[in-house]
file query.pdb (PDB, C-alpha atoms)
MODEL        1
ATOM      1  CA  MET A   8       0.000   0.000   0.000
ATOM      2  CA  LYS A   9       0.903   3.666  -0.229
ATOM      3  CA  ILE A  10       0.650   5.345   3.154
ATOM      4  CA  PHE A  11       0.869   8.981   4.260
ATOM      5  CA  ILE A  12       2.116   9.486   7.834
ATOM      6  CA  SER A  13       2.260  12.896   9.497
ATOM      7  CA  GLY A  14       4.567  13.240  12.481
ATOM      8  CA  ALA A  15       6.843  10.585  10.981
ATOM      9  CA  ALA A  16       9.885  11.872  12.896
ATOM     10  CA  GLY A  17       8.054  11.750  16.232
ATOM     11  CA  PHE A  18       8.295   8.933  18.777
ATOM     12  CA  ILE A  19       5.211   6.959  17.729
ATOM     13  CA  GLY A  20       5.387   8.120  14.101
ATOM     14  CA  PHE A  21       8.944   6.810  13.735
ATOM     15  CA  HIS A  22       8.034   3.330  14.978
ATOM     16  CA  VAL A  23       4.800   3.176  12.968
ATOM     17  CA  THR A  24       6.623   4.238   9.801
ATOM     18  CA  LYS A  25       9.267   1.578  10.389
ATOM     19  CA  ALA A  26       6.583  -1.093  10.795
ATOM     20  CA  PHE A  27       4.850  -0.262   7.518
ATOM     21  CA  LEU A  28       8.171  -0.123   5.662
ATOM     22  CA  SER A  29       9.061  -3.523   7.109
ATOM     23  CA  ARG A  30       6.016  -5.148   5.611
ATOM     24  CA  GLY A  31       6.724  -3.621   2.201
ATOM     25  CA  ASP A  32       4.424  -0.601   2.165
ATOM     26  CA  ASP A  33       5.585   2.690   0.653
ATOM     27  CA  VAL A  34       5.454   5.585   3.098
ATOM     28  CA  VAL A  35       5.420   9.334   2.523
ATOM     29  CA  GLY A  36       6.300  10.932   5.848
ATOM     30  CA  VAL A  37       5.995  14.573   6.871
ATOM     31  CA  ASP A  38       7.099  16.392  10.012
ATOM     32  CA  ASN A  39       7.878  19.984  10.936
ATOM     33  CA  LEU A  40      10.864  18.975  13.137
ATOM     34  CA  ASN A  41       9.946  21.665  15.678
ATOM     35  CA  ASP A  42      11.959  22.387  18.829
ATOM     36  CA  TYR A  43       9.423  21.229  21.444
ATOM     37  CA  TYR A  44      12.304  18.894  22.285
ATOM     38  CA  ASP A  45      15.763  18.449  20.776
ATOM     39  CA  PRO A  46      15.303  18.297  16.966
ATOM     40  CA  SER A  47      18.487  16.233  16.672
ATOM     41  CA  LEU A  48      16.595  13.258  18.144
ATOM     42  CA  LYS A  49      13.971  13.616  15.404
ATOM     43  CA  GLU A  50      16.697  13.883  12.778
ATOM     44  CA  ALA A  51      18.341  10.745  14.175
ATOM     45  CA  ARG A  52      15.035   8.896  13.835
ATOM     46  CA  LEU A  53      14.796   9.975  10.196
ATOM     47  CA  LYS A  54      18.335   8.760   9.639
ATOM     48  CA  GLU A  55      17.349   5.383  11.074
ATOM     49  CA  LEU A  56      14.335   5.234   8.754
ATOM     50  CA  SER A  57      16.575   5.922   5.781
ATOM     51  CA  LYS A  58      18.915   3.091   6.807
ATOM     52  CA  HIS A  59      15.992   0.782   7.419
ATOM     53  CA  ASN A  60      14.548   1.605   4.022
ATOM     54  CA  LYS A  61      17.603   0.166   2.273
ATOM     55  CA  LYS A  62      16.901  -3.223   3.835
ATOM     56  CA  SER A  63      13.132  -3.310   3.339
ATOM     57  CA  GLY A  64      10.703  -3.610   0.470
ATOM     58  CA  GLY A  65       9.003  -0.316   1.294
ATOM     59  CA  GLU A  66      10.134   3.059  -0.031
ATOM     60  CA  PHE A  67      10.330   5.994   2.375
ATOM     61  CA  THR A  68      10.036   9.590   1.183
ATOM     62  CA  PHE A  69      10.220  12.507   3.595
ATOM     63  CA  PHE A  70       9.051  16.121   3.326
ATOM     64  CA  LYS A  71       9.610  18.762   5.987
ATOM     65  CA  GLY A  72       6.521  20.840   6.641
ATOM     66  CA  ASP A  73       3.691  21.664   9.026
ATOM     67  CA  ILE A  74       0.153  20.257   8.736
ATOM     68  CA  SER A  75      -1.191  23.628   9.915
ATOM     69  CA  ASP A  76      -0.096  24.875   6.471
ATOM     70  CA  GLY A  77      -3.045  23.960   4.261
ATOM     71  CA  LYS A  78      -1.094  24.294   1.004
ATOM     72  CA  PHE A  79       1.626  21.948   2.280
ATOM     73  CA  VAL A  80      -0.953  19.283   3.152
ATOM     74  CA  LYS A  81      -2.743  19.736  -0.162
ATOM     75  CA  ASP A  82       0.465  19.452  -2.174
ATOM     76  CA  HIS A  83       1.536  16.212  -0.496
ATOM     77  CA  LEU A  84      -1.783  14.422  -0.115
ATOM     78  CA  LYS A  85      -2.937  14.818  -3.716
ATOM     79  CA  ASN A  86      -1.147  11.834  -5.255
ATOM     80  CA  GLY A  87      -3.423   9.105  -3.949
ATOM     81  CA  PHE A  88      -2.941   7.084  -0.775
ATOM     82  CA  ASP A  89      -4.465   3.899   0.604
ATOM     83  CA  ARG A  90      -4.130   5.113   4.189
ATOM     84  CA  VAL A  91      -3.530   8.425   5.939
ATOM     85  CA  ILE A  92      -2.194   8.177   9.492
ATOM     86  CA  ASN A  93      -2.193  11.494  11.334
ATOM     87  CA  LEU A  94       0.252  11.394  14.237
ATOM     88  CA  ALA A  95       1.431  15.016  13.996
ATOM     89  CA  ALA A  96       0.330  17.001  17.021
ATOM     90  CA  GLN A  97       1.538  19.285  19.746
ATOM     91  CA  ALA A  98       2.020  16.803  22.574
ATOM     92  CA  GLY A  99       2.444  17.222  26.315
ATOM     93  CA  VAL A 100      -0.032  18.018  29.066
ATOM     94  CA  ARG A 101       2.159  20.546  30.906
ATOM     95  CA  ARG A 102       2.798  22.805  27.928
ATOM     96  CA  SER A 103      -0.899  23.005  27.071
ATOM     97  CA  LEU A 104      -1.435  24.957  30.296
ATOM     98  CA  LYS A 105       1.100  27.574  29.186
ATOM     99  CA  GLU A 106       0.899  27.731  25.387
ATOM    100  CA  PRO A 107      -2.664  26.858  24.342
ATOM    101  CA  GLN A 108      -2.342  28.483  20.911
ATOM    102  CA  ALA A 109       0.306  25.935  19.886
ATOM    103  CA  TYR A 110      -2.232  23.159  20.537
ATOM    104  CA  VAL A 111      -5.004  24.892  18.628
ATOM    105  CA  LYS A 112      -2.695  25.487  15.654
ATOM    106  CA  SER A 113      -1.407  21.930  15.329
ATOM    107  CA  ASN A 114      -4.129  19.759  16.856
ATOM    108  CA  ILE A 115      -7.193  21.598  15.535
ATOM    109  CA  LYS A 116      -6.215  23.630  12.489
ATOM    110  CA  GLY A 117      -3.724  21.005  11.303
ATOM    111  CA  PHE A 118      -6.208  18.174  11.733
ATOM    112  CA  VAL A 119      -8.905  20.026   9.793
ATOM    113  CA  ASN A 120      -6.425  20.475   6.932
ATOM    114  CA  VAL A 121      -5.819  16.710   6.923
ATOM    115  CA  LEU A 122      -9.558  15.969   7.027
ATOM    116  CA  GLU A 123     -10.225  18.289   4.106
ATOM    117  CA  GLU A 124      -7.621  16.686   1.878
ATOM    118  CA  CYS A 125      -8.755  13.185   2.858
ATOM    119  CA  ARG A 126     -12.256  14.240   1.849
ATOM    120  CA  TYR A 127     -11.304  15.651  -1.536
ATOM    121  CA  ASN A 128      -8.907  12.830  -2.337
ATOM    122  CA  GLU A 129     -11.388  10.146  -1.241
ATOM    123  CA  ILE A 130      -8.913   8.466   1.096
ATOM    124  CA  PRO A 131     -10.126   4.908   1.936
ATOM    125  CA  HIS A 132      -9.198   5.213   5.643
ATOM    126  CA  LEU A 133      -7.960   7.992   7.934
ATOM    127  CA  ILE A 134      -6.374   6.886  11.215
ATOM    128  CA  TYR A 135      -5.486   9.549  13.769
ATOM    129  CA  ALA A 136      -3.991   9.772  17.240
ATOM    130  CA  SER A 137      -6.271  10.525  20.149
ATOM    131  CA  THR A 138      -5.322   9.981  23.794
ATOM    132  CA  SER A 139      -6.395   8.291  27.010
ATOM    133  CA  SER A 140      -6.438  11.811  28.483
ATOM    134  CA  VAL A 141      -9.885  12.341  26.920
ATOM    135  CA  TYR A 142     -11.340  10.286  29.788
ATOM    136  CA  GLY A 143     -10.612  13.284  32.007
ATOM    137  CA  MET A 144     -12.686  13.239  35.190
ATOM    138  CA  ASN A 145     -13.843   9.643  34.665
ATOM    139  CA  THR A 146     -13.120   7.505  37.714
ATOM    140  CA  LYS A 147     -14.595   4.173  36.609
ATOM    141  CA  LEU A 148     -11.863   1.733  35.616
ATOM    142  CA  PRO A 149     -11.053   0.363  33.135
ATOM    143  CA  PHE A 150     -11.745   3.217  30.739
ATOM    144  CA  SER A 151     -14.051   1.994  27.984
ATOM    145  CA  GLU A 152     -14.799   3.604  24.622
ATOM    146  CA  SER A 153     -18.485   3.518  25.563
ATOM    147  CA  ASP A 154     -17.840   5.856  28.519
ATOM    148  CA  GLY A 155     -18.781   9.510  28.275
ATOM    149  CA  VAL A 156     -15.798  11.802  27.593
ATOM    150  CA  ASP A 157     -17.284  15.238  28.114
ATOM    151  CA  HIS A 158     -15.096  16.415  30.987
ATOM    152  CA  PRO A 159     -11.441  16.812  29.903
ATOM    153  CA  ILE A 160      -9.183  18.318  32.567
ATOM    154  CA  GLN A 161      -6.607  19.991  30.315
ATOM    155  CA  LEU A 162      -6.480  21.633  26.899
ATOM    156  CA  TYR A 163      -4.407  18.863  25.303
ATOM    157  CA  ALA A 164      -7.185  16.350  25.990
ATOM    158  CA  ALA A 165      -9.826  18.823  24.828
ATOM    159  CA  THR A 166      -8.097  19.221  21.437
ATOM    160  CA  LYS A 167      -7.914  15.455  21.007
ATOM    161  CA  ARG A 168     -11.576  15.039  21.876
ATOM    162  CA  ALA A 169     -12.281  17.773  19.340
ATOM    163  CA  ASN A 170     -10.435  15.644  16.749
ATOM    164  CA  GLU A 171     -12.821  12.760  17.426
ATOM    165  CA  LEU A 172     -15.854  15.019  16.973
ATOM    166  CA  LEU A 173     -14.452  16.579  13.804
ATOM    167  CA  ALA A 174     -13.698  13.132  12.408
ATOM    168  CA  HIS A 175     -17.270  12.027  13.033
ATOM    169  CA  SER A 176     -18.652  15.023  11.167
ATOM    170  CA  TYR A 177     -16.532  14.132   8.115
ATOM    171  CA  SER A 178     -17.514  10.475   8.369
ATOM    172  CA  HIS A 179     -21.156  11.566   8.404
ATOM    173  CA  LEU A 180     -21.056  14.249   5.721
ATOM    174  CA  PHE A 181     -18.586  12.718   3.284
ATOM    175  CA  SER A 182     -18.556   8.988   4.142
ATOM    176  CA  LEU A 183     -14.868   9.259   5.086
ATOM    177  CA  PRO A 184     -13.861   6.172   7.114
ATOM    178  CA  THR A 185     -12.089   7.402  10.255
ATOM    179  CA  THR A 186     -10.507   5.636  13.214
ATOM    180  CA  GLY A 187      -9.357   7.466  16.336
ATOM    181  CA  LEU A 188      -6.807   5.700  18.535
ATOM    182  CA  ARG A 189      -6.692   6.506  22.232
ATOM    183  CA  PHE A 190      -3.102   5.762  23.249
ATOM    184  CA  PHE A 191      -2.344   4.844  26.868
ATOM    185  CA  THR A 192       1.014   6.005  28.377
ATOM    186  CA  VAL A 193       3.335   4.965  25.571
ATOM    187  CA  TYR A 194       6.991   4.265  26.382
ATOM    188  CA  GLY A 195      10.007   2.624  24.799
ATOM    189  CA  PRO A 196      13.219   3.221  22.799
ATOM    190  CA  TRP A 197      13.494   6.533  20.939
ATOM    191  CA  GLY A 198      10.955   8.060  23.365
ATOM    192  CA  ARG A 199      10.395  11.760  23.961
ATOM    193  CA  PRO A 200      12.688  13.513  26.484
ATOM    194  CA  ASP A 201       9.692  15.045  28.292
ATOM    195  CA  MET A 202       8.143  11.649  29.095
ATOM    196  CA  ALA A 203       8.364  10.058  32.555
ATOM    197  CA  LEU A 204      10.589   7.080  31.741
ATOM    198  CA  PHE A 205      13.087   9.286  29.909
ATOM    199  CA  LEU A 206      13.177  11.874  32.719
ATOM    200  CA  PHE A 207      13.465   9.258  35.456
ATOM    201  CA  THR A 208      16.295   7.421  33.682
ATOM    202  CA  LYS A 209      18.240  10.598  32.897
ATOM    203  CA  ASN A 210      17.965  11.999  36.429
ATOM    204  CA  ILE A 211      18.770   8.729  38.190
ATOM    205  CA  ILE A 212      21.914   8.275  36.063
ATOM    206  CA  GLU A 213      22.968  11.886  36.679
ATOM    207  CA  GLY A 214      22.296  11.667  40.423
ATOM    208  CA  ASN A 215      19.462  14.182  40.387
ATOM    209  CA  PRO A 216      16.188  13.727  42.291
ATOM    210  CA  ILE A 217      13.153  12.459  40.383
ATOM    211  CA  LYS A 218       9.859  14.259  40.909
ATOM    212  CA  LEU A 219       6.911  12.103  41.956
ATOM    213  CA  PHE A 220       3.698  14.078  41.763
ATOM    214  CA  ASN A 221       0.606  13.127  43.762
ATOM    215  CA  LYS A 222       3.137  11.873  46.348
ATOM    216  CA  GLY A 223       3.900   8.990  43.988
ATOM    217  CA  ASN A 224       0.367   7.615  44.189
ATOM    218  CA  HIS A 225      -0.121   7.397  40.434
ATOM    219  CA  ALA A 226      -0.954   4.245  38.493
ATOM    220  CA  ARG A 227      -0.804   3.967  34.718
ATOM    221  CA  ASP A 228      -1.555   1.567  31.914
ATOM    222  CA  PHE A 229       2.029   1.664  30.617
ATOM    223  CA  THR A 230       2.034   0.460  26.987
ATOM    224  CA  TYR A 231       5.229  -0.517  25.214
ATOM    225  CA  ILE A 232       5.772   1.046  21.809
ATOM    226  CA  ASP A 233       5.798  -2.292  19.930
ATOM    227  CA  ASP A 234       2.310  -3.056  21.252
ATOM    228  CA  ILE A 235       1.115   0.409  20.264
ATOM    229  CA  VAL A 236       2.480  -0.077  16.752
ATOM    230  CA  SER A 237       0.809  -3.472  16.481
ATOM    231  CA  GLY A 238      -2.509  -1.846  17.369
ATOM    232  CA  VAL A 239      -2.051   0.967  14.848
ATOM    233  CA  VAL A 240      -1.249  -1.434  12.001
ATOM    234  CA  LEU A 241      -4.138  -3.767  12.868
ATOM    235  CA  ALA A 242      -6.592  -0.878  13.175
ATOM    236  CA  SER A 243      -5.452   0.590   9.854
ATOM    237  CA  ASP A 244      -6.280  -2.713   8.143
ATOM    238  CA  ASN A 245      -9.805  -2.711   9.613
ATOM    239  CA  PRO A 246     -11.563   0.468   8.438
ATOM    240  CA  PRO A 247     -15.023   1.126   9.855
ATOM    241  CA  LYS A 248     -18.094   0.679   7.680
ATOM    242  CA  LEU A 249     -21.641   1.963   7.679
ATOM    243  CA  ASN A 250     -23.386   0.498  10.716
ATOM    244  CA  SER A 251     -27.157   0.273  10.360
ATOM    245  CA  SER A 252     -27.486  -1.552  13.694
ATOM    246  CA  TRP A 253     -26.211   1.409  15.708
ATOM    247  CA  LYS A 254     -28.930   3.169  17.681
ATOM    248  CA  GLN A 255     -28.653   6.667  19.054
ATOM    249  CA  LYS A 256     -30.238   5.575  22.310
ATOM    250  CA  ASP A 257     -27.103   3.527  23.005
ATOM    251  CA  ARG A 258     -25.241   6.817  23.436
ATOM    252  CA  ASN A 259     -21.902   5.195  22.633
ATOM    253  CA  PRO A 260     -19.540   8.064  21.691
ATOM    254  CA  SER A 261     -17.061   5.732  19.995
ATOM    255  CA  GLU A 262     -19.406   4.482  17.272
ATOM    256  CA  SER A 263     -22.239   5.637  15.048
ATOM    257  CA  SER A 264     -24.174   4.632  11.960
ATOM    258  CA  ASN A 265     -21.377   6.273   9.931
ATOM    259  CA  PRO A 266     -17.962   4.775   9.016
ATOM    260  CA  PHE A 267     -16.474   6.018  12.281
ATOM    261  CA  GLN A 268     -14.819   4.336  15.254
ATOM    262  CA  VAL A 269     -12.685   5.163  18.278
ATOM    263  CA  LEU A 270     -10.465   2.496  19.846
ATOM    264  CA  ASN A 271      -8.354   2.202  22.985
ATOM    265  CA  ILE A 272      -4.782   0.978  22.525
ATOM    266  CA  GLY A 273      -3.256   0.021  25.859
ATOM    267  CA  ASN A 274      -1.661  -2.840  27.707
ATOM    268  CA  GLY A 275      -4.740  -3.681  29.755
ATOM    269  CA  ASN A 276      -2.804  -3.686  33.047
ATOM    270  CA  LYS A 277      -2.463  -0.992  35.689
ATOM    271  CA  ILE A 278       1.026  -0.556  37.192
ATOM    272  CA  LYS A 279       1.749   1.605  40.230
ATOM    273  CA  LEU A 280       4.332   4.304  39.542
ATOM    274  CA  GLU A 281       6.516   3.119  42.443
ATOM    275  CA  LYS A 282       6.700  -0.360  40.859
ATOM    276  CA  TYR A 283       7.638   1.187  37.524
ATOM    277  CA  ILE A 284      10.457   3.142  39.187
ATOM    278  CA  GLU A 285      11.682  -0.011  40.935
ATOM    279  CA  ALA A 286      12.082  -1.617  37.505
ATOM    280  CA  ILE A 287      14.189   1.361  36.364
ATOM    281  CA  GLU A 288      16.345   1.211  39.517
ATOM    282  CA  GLU A 289      16.867  -2.518  39.107
ATOM    283  CA  GLU A 290      17.901  -2.208  35.467
ATOM    284  CA  LEU A 291      20.269   0.704  36.149
ATOM    285  CA  GLY A 292      21.611  -0.698  39.418
ATOM    286  CA  ILE A 293      21.089   2.736  41.010
ATOM    287  CA  LYS A 294      18.621   3.813  43.699
ATOM    288  CA  ALA A 295      16.568   6.896  42.896
ATOM    289  CA  ASN A 296      16.484   9.989  45.037
ATOM    290  CA  LYS A 297      12.747  10.699  45.162
ATOM    291  CA  GLU A 298      11.083  14.064  45.654
ATOM    292  CA  TYR A 299       7.409  13.699  46.578
ATOM    293  CA  LEU A 300       5.208  16.550  45.345
ATOM    294  CA  PRO A 301       1.463  17.412  45.215
ATOM    295  CA  LEU A 302      -0.762  16.465  42.279
ATOM    296  CA  GLN A 303      -0.168  18.664  39.224
ATOM    297  CA  PRO A 304      -3.051  20.480  37.504
ATOM    298  CA  GLY A 305      -4.322  18.398  34.598
ATOM    299  CA  ASP A 306      -2.939  15.093  35.899
ATOM    300  CA  VAL A 307      -5.045  11.937  35.933
ATOM    301  CA  LYS A 308      -4.400   9.813  39.030
ATOM    302  CA  GLU A 309      -5.010   6.437  37.382
ATOM    303  CA  SER A 310      -5.498   5.004  33.919
ATOM    304  CA  LEU A 311      -6.436   1.550  32.675
ATOM    305  CA  ALA A 312      -7.602   0.615  29.182
ATOM    306  CA  ASP A 313     -10.428  -1.692  28.294
ATOM    307  CA  ILE A 314      -8.894  -3.146  25.111
ATOM    308  CA  SER A 315     -11.633  -5.670  24.368
ATOM    309  CA  LYS A 316     -13.040  -3.691  21.437
ATOM    310  CA  LEU A 317      -9.735  -3.556  19.546
ATOM    311  CA  SER A 318      -8.995  -7.186  20.452
ATOM    312  CA  GLU A 319     -12.345  -8.425  19.151
ATOM    313  CA  LEU A 320     -12.042  -6.372  15.959
ATOM    314  CA  THR A 321      -8.443  -7.237  15.075
ATOM    315  CA  GLY A 322      -7.042  -9.922  17.387
ATOM    316  CA  TYR A 323      -4.841  -7.319  19.119
ATOM    317  CA  LYS A 324      -2.930  -8.824  22.042
ATOM    318  CA  PRO A 325      -0.247  -6.764  23.833
ATOM    319  CA  SER A 326       2.696  -8.930  24.851
ATOM    320  CA  THR A 327       5.340  -6.748  26.532
ATOM    321  CA  ASP A 328       5.723  -6.833  30.308
ATOM    322  CA  TYR A 329       6.654  -3.455  31.802
ATOM    323  CA  LYS A 330       9.968  -4.753  33.209
ATOM    324  CA  LYS A 331      11.050  -5.965  29.793
ATOM    325  CA  GLY A 332       9.911  -2.710  28.213
ATOM    326  CA  VAL A 333      11.854  -0.626  30.735
ATOM    327  CA  ALA A 334      14.956  -2.739  30.094
ATOM    328  CA  GLU A 335      14.671  -2.205  26.337
ATOM    329  CA  PHE A 336      14.363   1.555  26.803
ATOM    330  CA  ILE A 337      17.406   1.751  29.085
ATOM    331  CA  LYS A 338      19.410  -0.371  26.666
ATOM    332  CA  TRP A 339      18.585   2.128  23.911
ATOM    333  CA  TYR A 340      19.236   5.145  26.178
ATOM    334  CA  LYS A 341      22.734   3.934  27.100
ATOM    335  CA  TYR A 342      23.507   3.244  23.436
ATOM    336  CA  TYR A 343      22.150   6.539  22.114
ATOM    337  CA  TYR A 344      23.684   8.785  24.781
ATOM    338  CA  LYS A 345      26.831   6.644  25.089
TER     339      LYS A 345
ENDMDL
END

call {"tool": "encode", "arguments": {"input": "query.pdb", "output": "structure tokens"}}
result
Amino acid sequence: MKIFISGAAGFIGFHVTKAFLSRGDDVVGVDNLNDYYDPSLKEARLKELSKHNKKSGGEFTFFKGDISDGKFVKDHLKNGFDRVINLAAQAGVRRSLKEPQAYVKSNIKGFVNVLEECRYNEIPHLIYASTSSVYGMNTKLPFSESDGVDHPIQLYAATKRANELLAHSYSHLFSLPTTGLRFFTVYGPWGRPDMALFLFTKNIIEGNPIKLFNKGNHARDFTYIDDIVSGVVLASDNPPKLNSSWKQKDRNPSESSNPFQVLNIGNGNKIKLEKYIEAIEEELGIKANKEYLPLQPGDVKESLADISKLSELTGYKPSTDYKKGVAEFIKWYKYYYK
């Protein structure tokens, strides 16, 4: 197939691109290589993709540009694609409290540009990144796609929920098949420097204290990147169809009578943050100096994915234990930072 992937130099985008290239698909990747974190890490990912391409059956082509630029999206989505996978976004909960316009520009304006070109080019399936953060004030665990998601607790989550609503409108008006993927706490090699595992590892190695918000009483559905990628690929191969059996009275926000679906991608297990840190300490052979702090604004105390919908649809089955995943990340970190 011919696949368009935005955010191809990002953490998840890099791994997803590599997976499609490995199975022989051609990928056109775009990314703006912004400085939200060190652009050299993004450039190193692109270099890896170029090396990987020489060994695979898929052809990788990269263009630097921003999806908030409508002309850029139009110019690069006009040549016909079997799939469009939108992973470009302004990420990070903390920054959304300080720079909301960056989130509106990338996550709303940019996504509308992608939707428009998918509409006019009659793309067979648009897959886009949502987030477990949309569950917001929900306290019932595990989080299910049938749960209401009307109470986000930070702007980042609100923009991602807006993506789901925008996608539904295009599925309804233009019969565009769309799939939103709610990722749960993704971690692994080539991860972002602002993510917990990266920060914990860096600070423990350097002898600096690690910050544990909510006094360390967090629990997360930590999902290894390989399992996330597996879910993305499986979901992309299972586009939604018209669903005449759907009834509005069911009030399920993740489905409708249109070719529209929203799916959780997680591990399906809740791990306490202290246990996660113990795995890092064990792998490094260094004890962490912990600084216990109050809950941050916008933080969810616990997360746990109900993955039954994706599993029933595609056979998705996450297989990476968090200790193994932590070990793989630290192995990469030591190699990359020497």

call {"tool": "residues_around", "arguments": {"input": "query.pdb", "residues": "region 191-202 of chain A", "least_positions_apart": "4", "cutoff": "6 Å", "atoms": "only C-alpha atoms", "output": "MDAnalysis selection string"}}
result
chainID A and resid 18 139 229:232 273 336 339

call {"tool": "resolve_selection", "arguments": {"input": "query.pdb", "expression": "the PyMOL selection byres ((chain A and resi 320) around 12)", "output": "list in words"}}
result
Gly238, Leu241, Ala242, Ser243, Asp244, Asn245, Pro246, Pro247, Gln268, Val269, Leu270, Asn271, Ile314, Ser315, Lys316, Leu317, Ser318, Glu319, Thr321, Gly322, Tyr323 and Lys324 of chain A

call {"tool": "closest_residue", "arguments": {"input": "query.pdb", "among": "A:Gln161, A:Thr327, A:Asn128, A:Asn114", "to": "Gln97 (chain A)", "atoms": "only C-alpha atoms"}}
result
A:Asn114

call {"tool": "closest_residue", "arguments": {"input": "query.pdb", "among": "A:Tyr163, A:Tyr127, A:Tyr283, A:Phe27", "to": "Ile115 (chain A)", "atoms": "all atoms listed in the file"}}
result
A:Tyr163

call {"tool": "atom_distance", "arguments": {"input": "query.pdb", "atom1": "CA of Lys49 (chain A)", "atom2": "CA of Tyr342 (chain A)"}}
result
16.2 Å

call {"tool": "residues_around", "arguments": {"input": "query.pdb", "residues": "Tyr177 (chain A)", "least_positions_apart": "5", "cutoff": "10 Å", "atoms": "only C-alpha atoms", "output": "list in words"}}
result
Val119, Leu122, Glu123, Cys125, Arg126, Leu172, Ser182, Leu183, Pro184, Thr185, Asn265, Pro266 and Phe267 of chain A

call {"tool": "closest_residue", "arguments": {"input": "query.pdb", "among": "A:Leu204, A:Met144, A:Asn259, A:Glu288", "to": "Gly332 (chain A)", "atoms": "all atoms listed in the file"}}
result
A:Leu204

call {"tool": "resolve_selection", "arguments": {"input": "query.pdb", "expression": "the PyMOL selection byres ((chain A and resi 21) around 9)", "output": "list in words"}}
result
Gly14, Ala15, Ala16, Gly17, Phe18, Ile19, Gly20, His22, Val23, Thr24, Lys25, Ala26, Lys49, Arg52, Leu53, Glu55, Leu56 and Trp197 of chain A

call {"tool": "resolve_selection", "arguments": {"input": "query.pdb", "expression": "the PyMOL selection byres ((chain A and resi 111) around 12)", "output": "list in words"}}
result
Ser75, Ala96, Gln97, Ala98, Ser103, Glu106, Pro107, Gln108, Ala109, Tyr110, Lys112, Ser113, Asn114, Ile115, Lys116, Gly117, Phe118, Val119, Leu162, Tyr163, Ala164, Ala165, Thr166, Lys167, Ala169 and Asn170 of chain A

call {"tool": "write_last_selection", "arguments": {"input": "query.pdb", "atoms": "C-alpha atoms", "output": "PDB file, in the coordinates of the input"}}
result
ATOM      1  CA  SER A  75      -1.191  23.628   9.915  1.00  0.00           C
ATOM      2  CA  ALA A  96       0.330  17.001  17.021  1.00  0.00           C
ATOM      3  CA  GLN A  97       1.538  19.285  19.746  1.00  0.00           C
ATOM      4  CA  ALA A  98       2.020  16.803  22.574  1.00  0.00           C
ATOM      5  CA  SER A 103      -0.899  23.005  27.071  1.00  0.00           C
ATOM      6  CA  GLU A 106       0.899  27.731  25.387  1.00  0.00           C
ATOM      7  CA  PRO A 107      -2.664  26.858  24.342  1.00  0.00           C
ATOM      8  CA  GLN A 108      -2.342  28.483  20.911  1.00  0.00           C
ATOM      9  CA  ALA A 109       0.306  25.935  19.886  1.00  0.00           C
ATOM     10  CA  TYR A 110      -2.232  23.159  20.537  1.00  0.00           C
ATOM     11  CA  LYS A 112      -2.695  25.487  15.654  1.00  0.00           C
ATOM     12  CA  SER A 113      -1.407  21.930  15.329  1.00  0.00           C
ATOM     13  CA  ASN A 114      -4.129  19.759  16.856  1.00  0.00           C
ATOM     14  CA  ILE A 115      -7.193  21.598  15.535  1.00  0.00           C
ATOM     15  CA  LYS A 116      -6.215  23.630  12.489  1.00  0.00           C
ATOM     16  CA  GLY A 117      -3.724  21.005  11.303  1.00  0.00           C
ATOM     17  CA  PHE A 118      -6.208  18.174  11.733  1.00  0.00           C
ATOM     18  CA  VAL A 119      -8.905  20.026   9.793  1.00  0.00           C
ATOM     19  CA  LEU A 162      -6.480  21.633  26.899  1.00  0.00           C
ATOM     20  CA  TYR A 163      -4.407  18.863  25.303  1.00  0.00           C
ATOM     21  CA  ALA A 164      -7.185  16.350  25.990  1.00  0.00           C
ATOM     22  CA  ALA A 165      -9.826  18.823  24.828  1.00  0.00           C
ATOM     23  CA  THR A 166      -8.097  19.221  21.437  1.00  0.00           C
ATOM     24  CA  LYS A 167      -7.914  15.455  21.007  1.00  0.00           C
ATOM     25  CA  ALA A 169     -12.281  17.773  19.340  1.00  0.00           C
ATOM     26  CA  ASN A 170     -10.435  15.644  16.749  1.00  0.00           C
TER      27      ASN A 170
END

call {"tool": "residues_around", "arguments": {"input": "query.pdb", "residues": "Asp228 (chain A)", "least_positions_apart": "2", "cutoff": "6 Å", "atoms": "all atoms listed in the file", "output": "PyMOL selection string"}}
result
chain A and resi 276-277+310-311

call {"tool": "closest_residue", "arguments": {"input": "query.pdb", "among": "A:Ile134, A:Ala174, A:Val100, A:Val141", "to": "Gln303 (chain A)", "atoms": "all atoms listed in the file"}}
result
A:Val100

call {"tool": "residues_around", "arguments": {"input": "query.pdb", "residues": "Glu285 (chain A)", "least_positions_apart": "3", "cutoff": "12 Å", "atoms": "all atoms listed in the file", "output": "list in words"}}
result
Leu204, Phe207, Thr208, Ile211, Ile278, Lys279, Leu280, Glu281, Lys282, Glu288, Glu289, Glu290, Leu291, Gly292, Ile293, Lys294, Ala295, Asn296, Lys297, Tyr329, Lys330, Val333 and Ala334 of chain A

call {"tool": "closest_residue", "arguments": {"input": "query.pdb", "among": "A:Tyr344, A:Trp253, A:Phe190, A:Phe70", "to": "Asn274 (chain A)", "atoms": "all atoms listed in the file"}}
result
A:Phe190

call {"tool": "atom_distance", "arguments": {"input": "query.pdb", "atom1": "CA of Ser176 (chain A)", "atom2": "CA of Ser153 (chain A)"}}
result
18.4 Å

call {"tool": "closest_residue", "arguments": {"input": "query.pdb", "among": "A:Ser263, A:Val307, A:Pro325, A:Ala51", "to": "Val236 (chain A)", "atoms": "all atoms listed in the file"}}
result
A:Pro325
